[in-house]
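*Asks:* Structure file final36.cif (mmCIF, C-alpha atoms) right here:
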```
data_entry
loop_
_atom_site.label_atom_id
_atom_site.label_comp_id
_atom_site.auth_asym_id
_atom_site.auth_seq_id
_atom_site.Cartn_x
_atom_site.Cartn_y
_atom_site.Cartn_z
CA MET A 5 5.44 39.07 -19.61
CA ASN A 6 6.86 41.03 -16.70
CA VAL A 7 10.08 40.17 -14.86
CA SER A 8 8.37 38.63 -11.80
CA MET A 9 6.31 36.25 -13.98
CA LEU A 10 9.46 35.24 -15.83
CA ARG A 11 11.21 34.49 -12.52
CA VAL A 12 8.27 32.38 -11.34
CA CYS A 13 8.28 30.41 -14.60
CA LEU A 14 12.03 29.81 -14.39
CA LEU A 15 11.72 28.72 -10.77
CA LEU A 16 8.98 26.22 -11.65
CA ILE A 17 11.05 24.81 -14.50
CA ALA A 18 14.04 24.42 -12.17
CA ILE A 19 11.91 22.62 -9.55
CA VAL A 20 10.54 20.19 -12.15
CA PHE A 21 14.05 19.54 -13.46
CA ILE A 22 15.45 18.90 -9.97
CA GLN A 23 12.57 16.54 -9.08
CA GLY A 24 13.19 14.53 -12.24
CA CYS A 25 16.84 14.02 -11.31
CA ARG A 26 16.51 12.92 -7.69
CA THR A 27 18.50 9.96 -6.44
CA ALA A 28 18.11 7.83 -3.35
CA PRO A 29 20.01 5.07 -1.54
CA LEU A 30 19.84 1.82 -3.52
CA MET A 31 17.14 -0.55 -2.24
CA ASN A 32 17.55 -4.33 -2.18
CA VAL A 33 15.18 -6.86 -0.65
CA THR A 34 17.01 -9.30 1.62
CA ASP A 35 15.69 -12.51 3.19
CA SER A 36 12.02 -11.70 2.70
CA GLY A 37 10.06 -14.57 4.22
CA ILE A 38 7.77 -16.76 2.15
CA ASN A 39 4.45 -17.33 3.91
CA PRO A 40 1.90 -19.06 1.65
CA GLY A 41 -1.72 -18.30 2.41
CA SER A 42 -2.43 -22.03 2.63
CA GLY A 43 -0.14 -22.35 5.64
CA LYS A 44 1.80 -25.16 3.91
CA GLU A 45 5.43 -24.83 2.91
CA ALA A 46 5.70 -23.89 -0.75
CA THR A 47 7.66 -25.98 -3.23
CA LEU A 48 10.46 -24.40 -5.22
CA GLN A 49 8.32 -24.71 -8.36
CA GLU A 50 5.44 -22.87 -6.66
CA VAL A 51 7.77 -20.07 -5.59
CA THR A 52 9.14 -19.84 -9.14
CA GLN A 53 5.63 -19.59 -10.58
CA ALA A 54 4.63 -16.97 -8.00
CA ILE A 55 7.61 -14.78 -8.86
CA LEU A 56 7.00 -15.19 -12.59
CA GLY A 57 3.33 -14.33 -12.03
CA ALA A 58 4.30 -11.12 -10.25
CA ALA A 59 6.11 -9.85 -13.34
CA THR A 60 2.99 -8.84 -15.24
CA SER A 61 1.08 -7.41 -12.29
CA THR A 62 3.42 -4.42 -11.94
CA ARG A 63 3.47 -1.27 -14.05
CA PRO A 64 5.76 -1.12 -15.85
CA ALA A 65 5.94 -4.89 -16.22
CA TRP A 66 9.11 -6.88 -15.59
CA SER A 67 10.54 -9.41 -18.03
CA MET A 68 11.62 -12.58 -16.21
CA ASN A 69 14.17 -15.20 -17.24
CA VAL A 70 14.72 -18.32 -15.12
CA ILE A 71 18.50 -18.79 -14.98
CA LYS A 72 18.34 -21.95 -12.85
CA PRO A 73 16.13 -23.24 -10.04
CA GLY A 74 16.28 -20.60 -7.30
CA HIS A 75 17.53 -17.80 -9.58
CA ILE A 76 15.58 -15.47 -11.87
CA LEU A 77 16.94 -12.48 -13.79
CA ALA A 78 14.27 -9.77 -13.92
CA THR A 79 14.57 -6.82 -16.32
CA LEU A 80 12.40 -3.73 -16.55
CA TYR A 81 12.33 -1.35 -19.52
CA ASN A 82 10.69 2.05 -19.08
CA ARG A 83 11.23 4.57 -21.88
CA SER A 84 15.02 5.01 -22.09
CA HIS A 85 15.63 3.38 -18.71
CA MET A 86 16.55 -0.22 -17.94
CA ALA A 87 16.93 -1.95 -14.58
CA ALA A 88 17.99 -5.56 -14.05
CA VAL A 89 17.88 -7.45 -10.76
CA ASP A 90 18.75 -10.93 -9.59
CA ILE A 91 15.98 -12.67 -7.68
CA THR A 92 17.34 -15.57 -5.68
CA TYR A 93 15.01 -17.74 -3.64
CA THR A 94 14.40 -20.92 -1.70
CA THR A 95 11.17 -22.37 -0.34
CA THR A 96 11.44 -20.10 2.72
CA SER A 97 12.81 -16.72 1.55
CA TYR A 98 13.80 -14.58 -1.43
CA ASN A 99 16.13 -11.71 -2.27
CA ILE A 100 15.95 -8.99 -4.91
CA ALA A 101 19.43 -7.57 -5.64
CA TYR A 102 20.52 -4.85 -8.04
CA LYS A 103 22.43 -6.20 -11.04
CA GLU A 104 22.73 -3.35 -13.56
CA SER A 105 20.93 -0.36 -15.04
CA THR A 106 20.91 2.16 -17.87
CA ASN A 107 20.04 5.85 -17.52
CA LEU A 108 19.19 5.57 -13.80
CA LYS A 109 22.15 7.54 -12.40
CA TYR A 110 23.53 4.53 -10.52
CA ASP A 111 26.50 5.41 -8.32
CA ALA A 112 28.25 2.36 -6.84
CA GLU A 113 30.04 4.44 -4.21
CA GLY A 114 26.77 5.49 -2.50
CA PRO A 115 25.30 3.26 -3.60
CA THR A 116 22.58 5.54 -4.98
CA ILE A 117 20.21 5.36 -7.93
CA HIS A 118 17.26 7.26 -9.39
CA ALA A 119 14.41 7.17 -6.87
CA ASN A 120 12.05 5.58 -9.41
CA TYR A 121 14.13 2.40 -9.24
CA ASN A 122 13.22 1.96 -5.57
CA SER A 123 9.54 2.39 -6.39
CA TRP A 124 9.80 -0.30 -9.05
CA ILE A 125 11.50 -2.65 -6.56
CA GLN A 126 8.84 -1.97 -3.91
CA ASN A 127 6.09 -2.68 -6.44
CA LEU A 128 7.80 -5.90 -7.52
CA ASP A 129 8.24 -7.00 -3.90
CA THR A 130 4.58 -6.29 -3.15
CA ALA A 131 3.48 -8.22 -6.25
CA ILE A 132 5.65 -11.22 -5.30
CA LYS A 133 4.22 -11.24 -1.76
CA GLY A 134 0.70 -11.17 -3.21
CA GLN A 135 1.42 -14.09 -5.52
CA LEU A 136 3.06 -16.08 -2.71
CA ASN A 137 0.06 -15.46 -0.46
CA ALA A 138 -2.14 -17.11 -3.10
CA ILE A 139 -0.23 -20.42 -2.83
#
```
Show me the file's structure as structure tokens.
*Replies:*
Amino acid sequence: MNVSMLRVCLLLIAIVFIQGCRTAPLMNVTDSGINPGSGKEATLQEVTQAILGAATSTRPAWSMNVIKPGHILATLYNRSHMAAVDITYTTTSYNIAYKESTNLKYDAEGPTIHANYNSWIQNLDTAIKGQLNAI
């Protein structure tokens, strides 16, 4: 292998490594409105069931634990990574807030986190909206 090919290979390895380590500003979902497709106001139980139903429609799937009415702890495990969020909700809105993580380069001062976390939150938010629309 000549020197120029070696340089190209090293450059490609460096690019892949840098892409795998990218961080982004931490994303939370705040006061997202609940608008059931039926046009009727949802009950708290219906909102709970919609959020729980969203857990399995995302990849990777979230594990959900109802802490009390209006509060669910959602946890996602993906390889060596873990993300946990608090989902608080009423009959009119919901929030998804960062709680803790493992191996996601969370920096509270930024706050920043691995960019994949934000994708997982966006997917969860989209899945919740889809489930709520079905009410």
*Asks:* So the first atom is atom CA of A:Ala54 and the second is atom CA of A:Ile132; what is the distance between them in Å, to one decimal place?
*Replies:*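 Taking atom CA of A:Ala54 as the start and atom CA of A:Ile132 as the end point, the length is 6.4 Å.
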*Asks:* Atom CA of A:Thr95 and atom CA of A:Ile125 are how many Å apart?
*Replies:*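 We find that atom CA of A:Thr95 and atom CA of A:Ile125 lie 20.7 Å from each other.
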*Asks:* Evaluate the PyMOL selection byres ((chain A and resi 96) around 7) here and jot the selected residues down as a PyMOL selection string.
*Replies:* chain A and resi 37-38+94-95+97
*Asks:* In Å, with one decimal, what is the gap from atom CA of A:Gly57 to atom CA of A:Ser123?
*Replies:* 18.7 Å
*Asks:* Give me, as a CSV table (one decimal) with C-alpha atoms, in the frame of the given file, all polymer residues having an atom no more than 12 Å from A:Leu80, counting only C-alpha atoms and skipping those fewer than 5 positions away in the same chain.
*Replies:*
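Okay, this is what ended up in part_12.csv:
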```csv
chain,number,residue,atom,x,y,z
A,59,ALA,CA,6.1,-9.8,-13.3
A,60,THR,CA,3.0,-8.8,-15.2
A,62,THR,CA,3.4,-4.4,-11.9
A,63,ARG,CA,3.5,-1.3,-14.0
A,64,PRO,CA,5.8,-1.1,-15.8
A,65,ALA,CA,5.9,-4.9,-16.2
A,66,TRP,CA,9.1,-6.9,-15.6
A,67,SER,CA,10.5,-9.4,-18.0
A,68,MET,CA,11.6,-12.6,-16.2
A,69,ASN,CA,14.2,-15.2,-17.2
A,85,HIS,CA,15.6,3.4,-18.7
A,86,MET,CA,16.6,-0.2,-17.9
A,87,ALA,CA,16.9,-2.0,-14.6
A,88,ALA,CA,18.0,-5.6,-14.0
A,89,VAL,CA,17.9,-7.4,-10.8
A,90,ASP,CA,18.8,-10.9,-9.6
A,102,TYR,CA,20.5,-4.8,-8.0
A,103,LYS,CA,22.4,-6.2,-11.0
A,104,GLU,CA,22.7,-3.4,-13.6
A,105,SER,CA,20.9,-0.4,-15.0
A,106,THR,CA,20.9,2.2,-17.9
A,108,LEU,CA,19.2,5.6,-13.8
A,120,ASN,CA,12.0,5.6,-9.4
A,121,TYR,CA,14.1,2.4,-9.2
A,124,TRP,CA,9.8,-0.3,-9.0
A,125,ILE,CA,11.5,-2.6,-6.6
A,127,ASN,CA,6.1,-2.7,-6.4
A,128,LEU,CA,7.8,-5.9,-7.5
```
*Asks:* Which residues would end up in the selection if the PyMOL selection byres ((chain A and resi 116) around 6) were applied here, given that I need the answer as a ChimeraX atom specification?
*Replies:* /A:28-30,110-111,114-115,117
*Asks:* What residues have an atom no more than 10 Å from (3.2, -14.3, -3.9) in the file's own frame, counting only C-alpha atoms, and can you write them as a PDB file with C-alpha atoms, keeping the file's coordinate frame?
*Replies:*
```
ATOM      1  CA  ILE A  38       7.770 -16.760   2.150  1.00  0.00           C
ATOM      2  CA  ASN A  39       4.450 -17.330   3.910  1.00  0.00           C
ATOM      3  CA  PRO A  40       1.900 -19.060   1.650  1.00  0.00           C
ATOM      4  CA  GLY A  41      -1.720 -18.300   2.410  1.00  0.00           C
ATOM      5  CA  GLU A  50       5.440 -22.870  -6.660  1.00  0.00           C
ATOM      6  CA  VAL A  51       7.770 -20.070  -5.590  1.00  0.00           C
ATOM      7  CA  THR A  52       9.140 -19.840  -9.140  1.00  0.00           C
ATOM      8  CA  GLN A  53       5.630 -19.590 -10.580  1.00  0.00           C
ATOM      9  CA  ALA A  54       4.630 -16.970  -8.000  1.00  0.00           C
ATOM     10  CA  ILE A  55       7.610 -14.780  -8.860  1.00  0.00           C
ATOM     11  CA  LEU A  56       7.000 -15.190 -12.590  1.00  0.00           C
ATOM     12  CA  GLY A  57       3.330 -14.330 -12.030  1.00  0.00           C
ATOM     13  CA  ALA A  58       4.300 -11.120 -10.250  1.00  0.00           C
ATOM     14  CA  ASP A 129       8.240  -7.000  -3.900  1.00  0.00           C
ATOM     15  CA  THR A 130       4.580  -6.290  -3.150  1.00  0.00           C
ATOM     16  CA  ALA A 131       3.480  -8.220  -6.250  1.00  0.00           C
ATOM     17  CA  ILE A 132       5.650 -11.220  -5.300  1.00  0.00           C
ATOM     18  CA  LYS A 133       4.220 -11.240  -1.760  1.00  0.00           C
ATOM     19  CA  GLY A 134       0.700 -11.170  -3.210  1.00  0.00           C
ATOM     20  CA  GLN A 135       1.420 -14.090  -5.520  1.00  0.00           C
ATOM     21  CA  LEU A 136       3.060 -16.080  -2.710  1.00  0.00           C
ATOM     22  CA  ASN A 137       0.060 -15.460  -0.460  1.00  0.00           C
ATOM     23  CA  ALA A 138      -2.140 -17.110  -3.100  1.00  0.00           C
ATOM     24  CA  ILE A 139      -0.230 -20.420  -2.830  1.00  0.00           C
TER      25      ILE A 139
END
```
*Asks:* For this structure, which residues satisfy the selection - the PyMOL selection byres ((chain A and resi 99) around 9) - when it is evaluated on the file as given? I want them as a PDB file with C-alpha atoms, keeping the file's coordinate frame.
*Replies:*
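The resulting part.pdb:
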```pdb
ATOM      1  CA  ASN A  32      17.550  -4.330  -2.180  1.00  0.00           C
ATOM      2  CA  VAL A  33      15.180  -6.860  -0.650  1.00  0.00           C
ATOM      3  CA  THR A  34      17.010  -9.300   1.620  1.00  0.00           C
ATOM      4  CA  ASP A  35      15.690 -12.510   3.190  1.00  0.00           C
ATOM      5  CA  SER A  36      12.020 -11.700   2.700  1.00  0.00           C
ATOM      6  CA  ASP A  90      18.750 -10.930  -9.590  1.00  0.00           C
ATOM      7  CA  ILE A  91      15.980 -12.670  -7.680  1.00  0.00           C
ATOM      8  CA  THR A  92      17.340 -15.570  -5.680  1.00  0.00           C
ATOM      9  CA  TYR A  93      15.010 -17.740  -3.640  1.00  0.00           C
ATOM     10  CA  SER A  97      12.810 -16.720   1.550  1.00  0.00           C
ATOM     11  CA  TYR A  98      13.800 -14.580  -1.430  1.00  0.00           C
ATOM     12  CA  ILE A 100      15.950  -8.990  -4.910  1.00  0.00           C
ATOM     13  CA  ALA A 101      19.430  -7.570  -5.640  1.00  0.00           C
TER      14      ALA A 101
END
```
